[in-house]
Amino acid sequence: MSEQLIMLIAVVLIFGLGFTLEILSGKLKGAKRLKRDGGFIIAGLLSHGLLAGPIVAGFAGYLAVSWFPDHAGGLSHVNFWAAFAVIFVFQEFAHYWLHRLTHEKEWLWKIHRTHHTAENLNMGVLYRYNIFWTMMLPQLWVGPFAIYLGVGMPYVLAVMVTYFVNASTHTAFRWDLWLREKMPWSEPFWRVLEKVITLPDTHHAHHAWGPGSHLNGNYAITLFIFDVLFGTAKIPNRRQKRFGLPKGRSYHWTEELFWPMVRKPDPSSGNQNKPSGKKVTA
Ligand SMILES: [Zn+2]
């Protein structure tokens, strides 16, 4: 089975089951702007699968062959777990810095902002993106190189671990707090784990505003230890009540999806959504 097919099946299973479970258990009940959110999810799935995937895979594949013309399968002798570890840590590290920069640079923030205007946090937000965001993802660029060089399966596992954790930290289910409340004796374990791996606690804080929020931090998808090491970690240990951005409703959907191809006048010339100094303030 090809690497692409394995990833497709895993994504359909994880996303399909998780999102369906959220809907069936009423997690989206009472959510406002459901049509808009649904439109963003469909646009995100389509742009990821039909635009970013083929464009980046085609271009990165071309680069891999041009840069390493005589090395097809050249790394296939490398130990599976060693290759997995290198690919996984590299992708997580690159994603941490990409994500952090999108919060610190205004033009990048507008590409990432769409992901933050969701007022209801659930697995659908995994696909709520400006169409250019997915083209920047390290995971998409690394894939063709890994497959060409013969370490496709370690790459698939690295992407799947990241995808699974990403789904489990965006979900509306606060499974982490539930487990902690059910098993108070396990608290020392969680105190260590929450500093190493991103949990719903820290990622919900990244999407929230108001008490327990931390918009400009908690950037790692999986390896939260990067946030701890680079001084951007905040661990609130609480449920957040509000998600999105204070000015999130004022953005036109076309700009949300297509900026910089579509540019609208900034609705908040005050301006709460602009990065002030280095960090985005809302
Ligand atoms: Zn973010």
# chains A, B, ... in the order shown; residues from 1 in each chain; ligands from 1

call {"tool": "residues_near_ligand", "arguments": {"ligand": "ligand 1", "cutoff": "10 Å", "atoms": "only C-alpha atoms and all ligand atoms", "output": "list in words"}}
result
Tyr96, Leu98, His99, Arg100, Leu101, Thr102, His103, Trp109, His112, Arg113, Thr114, His115, His116, His203, His206, His207, His214, Leu215, Asn216, Gly217, Asn218, Tyr219, Ala220, Ile221 and Val280 of chain A

call {"tool": "closest_atom_pairs", "arguments": {"of": "segment 96-208 of chain A", "to": "segment 33-48 of chain A", "cutoff": "9 Å", "atoms": "only C-alpha atoms", "output": "tab-separated table"}}
result
residue	atom	partner	partner_atom	distance
A:Thr114	CA	A:Phe40	CA	9.0
A:Ala118	CA	A:Asp37	CA	7.3
A:Glu119	CA	A:Arg33	CA	8.4
A:Asn120	CA	A:Asp37	CA	8.9
A:Gly124	CA	A:Ile41	CA	6.1
A:Val125	CA	A:Ile41	CA	7.2
A:Leu126	CA	A:Ile41	CA	8.0
A:Tyr127	CA	A:Gly44	CA	4.8
A:Arg128	CA	A:Phe40	CA	5.4
A:Tyr129	CA	A:Gly44	CA	5.8
A:Asn130	CA	A:Gly44	CA	7.6
A:Ile131	CA	A:Ser47	CA	5.9
A:Phe132	CA	A:Ser47	CA	8.7
A:Thr134	CA	A:His48	CA	6.4
A:Met135	CA	A:His48	CA	8.1

call {"tool": "write_last_selection", "arguments": {"atoms": "N, CA and C atoms", "output": "short mmCIF file (atom, residue, chain, number, x, y, z; two decimals), in the first residue's frame"}}
result
data_model
loop_
_atom_site.label_atom_id
_atom_site.label_comp_id
_atom_site.auth_asym_id
_atom_site.auth_seq_id
_atom_site.Cartn_x
_atom_site.Cartn_y
_atom_site.Cartn_z
N THR A 114 -7.42 32.80 10.10
CA THR A 114 -8.65 32.05 9.81
C THR A 114 -8.84 30.89 10.79
N ALA A 118 -12.53 30.64 14.69
CA ALA A 118 -13.56 29.66 15.07
C ALA A 118 -14.03 29.95 16.49
N GLU A 119 -15.32 30.10 16.64
CA GLU A 119 -15.86 30.39 17.98
C GLU A 119 -16.23 29.11 18.73
N ASN A 120 -16.30 28.01 17.98
CA ASN A 120 -16.57 26.72 18.61
C ASN A 120 -15.39 25.82 18.27
N GLY A 124 -13.45 20.02 13.44
CA GLY A 124 -13.62 20.70 12.17
C GLY A 124 -12.62 21.83 11.98
N VAL A 125 -12.15 22.40 13.09
CA VAL A 125 -11.20 23.52 13.02
C VAL A 125 -9.86 23.07 12.43
N LEU A 126 -9.63 21.76 12.41
CA LEU A 126 -8.40 21.23 11.78
C LEU A 126 -8.31 21.65 10.32
N TYR A 127 -9.47 21.88 9.71
CA TYR A 127 -9.47 22.23 8.28
C TYR A 127 -9.95 23.65 8.04
N ARG A 128 -9.92 24.46 9.06
CA ARG A 128 -10.33 25.85 8.92
C ARG A 128 -9.08 26.69 8.65
N TYR A 129 -8.79 26.90 7.39
CA TYR A 129 -7.55 27.58 7.03
C TYR A 129 -7.72 28.49 5.82
N ASN A 130 -6.90 29.50 5.77
CA ASN A 130 -6.65 30.24 4.54
C ASN A 130 -6.00 29.24 3.57
N ILE A 131 -6.34 29.32 2.29
CA ILE A 131 -5.88 28.27 1.36
C ILE A 131 -4.35 28.21 1.23
N PHE A 132 -3.67 29.30 1.62
CA PHE A 132 -2.21 29.28 1.47
C PHE A 132 -1.49 28.66 2.67
N THR A 134 -1.86 25.73 4.18
CA THR A 134 -1.41 24.34 4.05
C THR A 134 -0.19 24.23 3.12
N MET A 135 -0.05 25.19 2.21
CA MET A 135 1.11 25.12 1.31
C MET A 135 2.41 25.37 2.07
#

call {"tool": "residues_around", "arguments": {"residues": "Thr222 of chain A", "least_positions_apart": "5", "cutoff": "9 Å", "atoms": "only C-alpha atoms", "output": "JSON list (two decimals) with N, CA and C atoms, in the first residue's frame"}}
result
[["chain", "number", "residue", "atom", "x", "y", "z"],
["A", 92, "GLU", "N", 8.25, 18.81, 13.76],
["A", 92, "GLU", "CA", 7.66, 19.50, 14.92],
["A", 92, "GLU", "C", 8.37, 20.82, 15.18],
["A", 161, "VAL", "N", 1.27, 10.52, 13.80],
["A", 161, "VAL", "CA", 1.34, 10.88, 15.22],
["A", 161, "VAL", "C", 0.95, 12.35, 15.39],
["A", 162, "THR", "N", 1.52, 13.19, 14.56],
["A", 162, "THR", "CA", 1.21, 14.62, 14.62],
["A", 162, "THR", "C", -0.28, 14.86, 14.35],
["A", 163, "TYR", "N", -0.82, 14.19, 13.36],
["A", 163, "TYR", "CA", -2.23, 14.39, 13.00],
["A", 163, "TYR", "C", -3.14, 13.94, 14.15],
["A", 165, "VAL", "N", -2.42, 13.69, 17.36],
["A", 165, "VAL", "CA", -2.33, 14.61, 18.51],
["A", 165, "VAL", "C", -3.05, 15.92, 18.18],
["A", 166, "ASN", "N", -2.89, 16.39, 16.95],
["A", 166, "ASN", "CA", -3.56, 17.63, 16.54],
["A", 166, "ASN", "C", -5.09, 17.48, 16.66],
["A", 196, "VAL", "N", 5.64, 18.17, 28.20],
["A", 196, "VAL", "CA", 6.35, 17.52, 27.08],
["A", 196, "VAL", "C", 5.47, 17.44, 25.83],
["A", 197, "ILE", "N", 4.19, 17.11, 26.03],
["A", 197, "ILE", "CA", 3.27, 16.89, 24.92],
["A", 197, "ILE", "C", 2.13, 17.92, 24.99],
["A", 198, "THR", "N", 1.71, 18.42, 23.85],
["A", 198, "THR", "CA", 0.56, 19.34, 23.84],
["A", 198, "THR", "C", -0.71, 18.55, 24.19],
["A", 199, "LEU", "N", -1.49, 19.10, 25.12],
["A", 199, "LEU", "CA", -2.76, 18.49, 25.54],
["A", 199, "LEU", "C", -3.89, 19.46, 25.19]]

call {"tool": "closest_residue", "arguments": {"among": "A:Val89, A:Leu137, A:Leu121, A:Leu149", "to": "Phe243 of chain A", "atoms": "only C-alpha atoms"}}
result
A:Leu121

call {"tool": "select_by_dssp", "arguments": {"residues": "segment 42-102 of chain A", "states": "alpha helix (DSSP H)", "output": "JSON, numbers by chain"}}
result
{"A": [42, 43, 44, 45, 46, 53, 54, 55, 56, 57, 58, 59, 60, 61, 62, 63, 64, 65, 66, 67, 80, 81, 82, 83, 84, 85, 86, 87, 88, 89, 90, 91, 92, 93, 94, 95, 96, 97, 98, 99, 100, 101, 102]}

call {"tool": "write_last_selection", "arguments": {"atoms": "C-alpha atoms", "output": "PDB file, in the first residue's frame"}}
result
ATOM      1  CA  ILE A  42     -15.307  22.050   3.031  1.00  0.00           C
ATOM      2  CA  ALA A  43     -13.057  24.736   1.542  1.00  0.00           C
ATOM      3  CA  GLY A  44     -10.181  23.551   3.739  1.00  0.00           C
ATOM      4  CA  LEU A  45     -10.596  19.911   2.763  1.00  0.00           C
ATOM      5  CA  LEU A  46     -10.822  20.793  -0.924  1.00  0.00           C
ATOM      6  CA  GLY A  53      -1.288  18.705  -1.791  1.00  0.00           C
ATOM      7  CA  PRO A  54      -0.691  18.378  -5.529  1.00  0.00           C
ATOM      8  CA  ILE A  55       1.169  21.709  -5.893  1.00  0.00           C
ATOM      9  CA  VAL A  56       3.565  21.220  -2.984  1.00  0.00           C
ATOM     10  CA  ALA A  57       3.999  17.484  -3.555  1.00  0.00           C
ATOM     11  CA  GLY A  58       4.719  18.088  -7.242  1.00  0.00           C
ATOM     12  CA  PHE A  59       7.179  20.892  -6.590  1.00  0.00           C
ATOM     13  CA  ALA A  60       8.931  19.232  -3.633  1.00  0.00           C
ATOM     14  CA  GLY A  61       9.117  15.966  -5.603  1.00  0.00           C
ATOM     15  CA  TYR A  62      10.758  17.837  -8.468  1.00  0.00           C
ATOM     16  CA  LEU A  63      13.244  19.408  -6.027  1.00  0.00           C
ATOM     17  CA  ALA A  64      14.036  16.039  -4.434  1.00  0.00           C
ATOM     18  CA  VAL A  65      14.867  14.466  -7.798  1.00  0.00           C
ATOM     19  CA  SER A  66      16.850  17.524  -8.964  1.00  0.00           C
ATOM     20  CA  TRP A  67      18.871  17.897  -5.775  1.00  0.00           C
ATOM     21  CA  PHE A  80      13.064   2.755  10.906  1.00  0.00           C
ATOM     22  CA  TRP A  81      12.888   4.314  14.389  1.00  0.00           C
ATOM     23  CA  ALA A  82      15.961   6.485  13.875  1.00  0.00           C
ATOM     24  CA  ALA A  83      14.442   7.856  10.654  1.00  0.00           C
ATOM     25  CA  PHE A  84      11.094   8.327  12.389  1.00  0.00           C
ATOM     26  CA  ALA A  85      12.699  10.246  15.283  1.00  0.00           C
ATOM     27  CA  VAL A  86      14.657  12.581  13.004  1.00  0.00           C
ATOM     28  CA  ILE A  87      11.700  13.301  10.710  1.00  0.00           C
ATOM     29  CA  PHE A  88       9.254  13.731  13.587  1.00  0.00           C
ATOM     30  CA  VAL A  89      11.418  16.098  15.640  1.00  0.00           C
ATOM     31  CA  PHE A  90      12.426  18.105  12.545  1.00  0.00           C
ATOM     32  CA  GLN A  91       8.819  18.560  11.427  1.00  0.00           C
ATOM     33  CA  GLU A  92       7.656  19.499  14.917  1.00  0.00           C
ATOM     34  CA  PHE A  93      10.506  21.990  15.305  1.00  0.00           C
ATOM     35  CA  ALA A  94       9.838  23.575  11.905  1.00  0.00           C
ATOM     36  CA  HIS A  95       6.119  23.752  12.611  1.00  0.00           C
ATOM     37  CA  TYR A  96       6.695  25.362  16.013  1.00  0.00           C
ATOM     38  CA  TRP A  97       8.662  28.198  14.397  1.00  0.00           C
ATOM     39  CA  LEU A  98       6.313  28.590  11.438  1.00  0.00           C
ATOM     40  CA  HIS A  99       3.352  28.795  13.814  1.00  0.00           C
ATOM     41  CA  ARG A 100       5.166  31.207  16.118  1.00  0.00           C
ATOM     42  CA  LEU A 101       6.146  33.492  13.229  1.00  0.00           C
ATOM     43  CA  THR A 102       2.547  33.590  12.012  1.00  0.00           C
TER      44      THR A 102
END

call {"tool": "residues_around", "arguments": {"residues": "Gly73 of chain A", "least_positions_apart": "2", "cutoff": "12 Å", "atoms": "only C-alpha atoms", "output": "list in words"}}
result
Ala64, Val65, Phe68, Pro69, Asp70, His71, Leu75, Ser76, His77, Val78, Pro144, Phe145, Ala146, Ile147, Tyr148, Leu149, Gly150, Val151 and Gly152 of chain A

call {"tool": "closest_residue", "arguments": {"among": "A:Leu223, A:Ala172, A:Ala158, A:Ile235", "to": "Leu28 of chain A", "atoms": "only C-alpha atoms"}}
result
A:Ala172

call {"tool": "closest_residue", "arguments": {"among": "A:Ala52, A:Glu3, A:Ile9, A:Glu106", "to": "Pro260 of chain A", "atoms": "only C-alpha atoms"}}
result
A:Glu106

call {"tool": "closest_residue", "arguments": {"among": "A:Ile111, A:Ala31, A:Ala167, A:Val156", "to": "Val262 of chain A", "atoms": "only C-alpha atoms"}}
result
A:Ile111

call {"tool": "select_by_dssp", "arguments": {"residues": "segment 54-246 of chain A", "states": "strand (DSSP E or B)", "output": "list in words"}}
result
Ile197, Ala208, Leu223 and Phe243 of chain A

call {"tool": "atom_distance", "arguments": {"atom1": "atom CA of Gly248 of chain A", "atom2": "atom CA of Ala208 of chain A"}}
result
12.0 Å
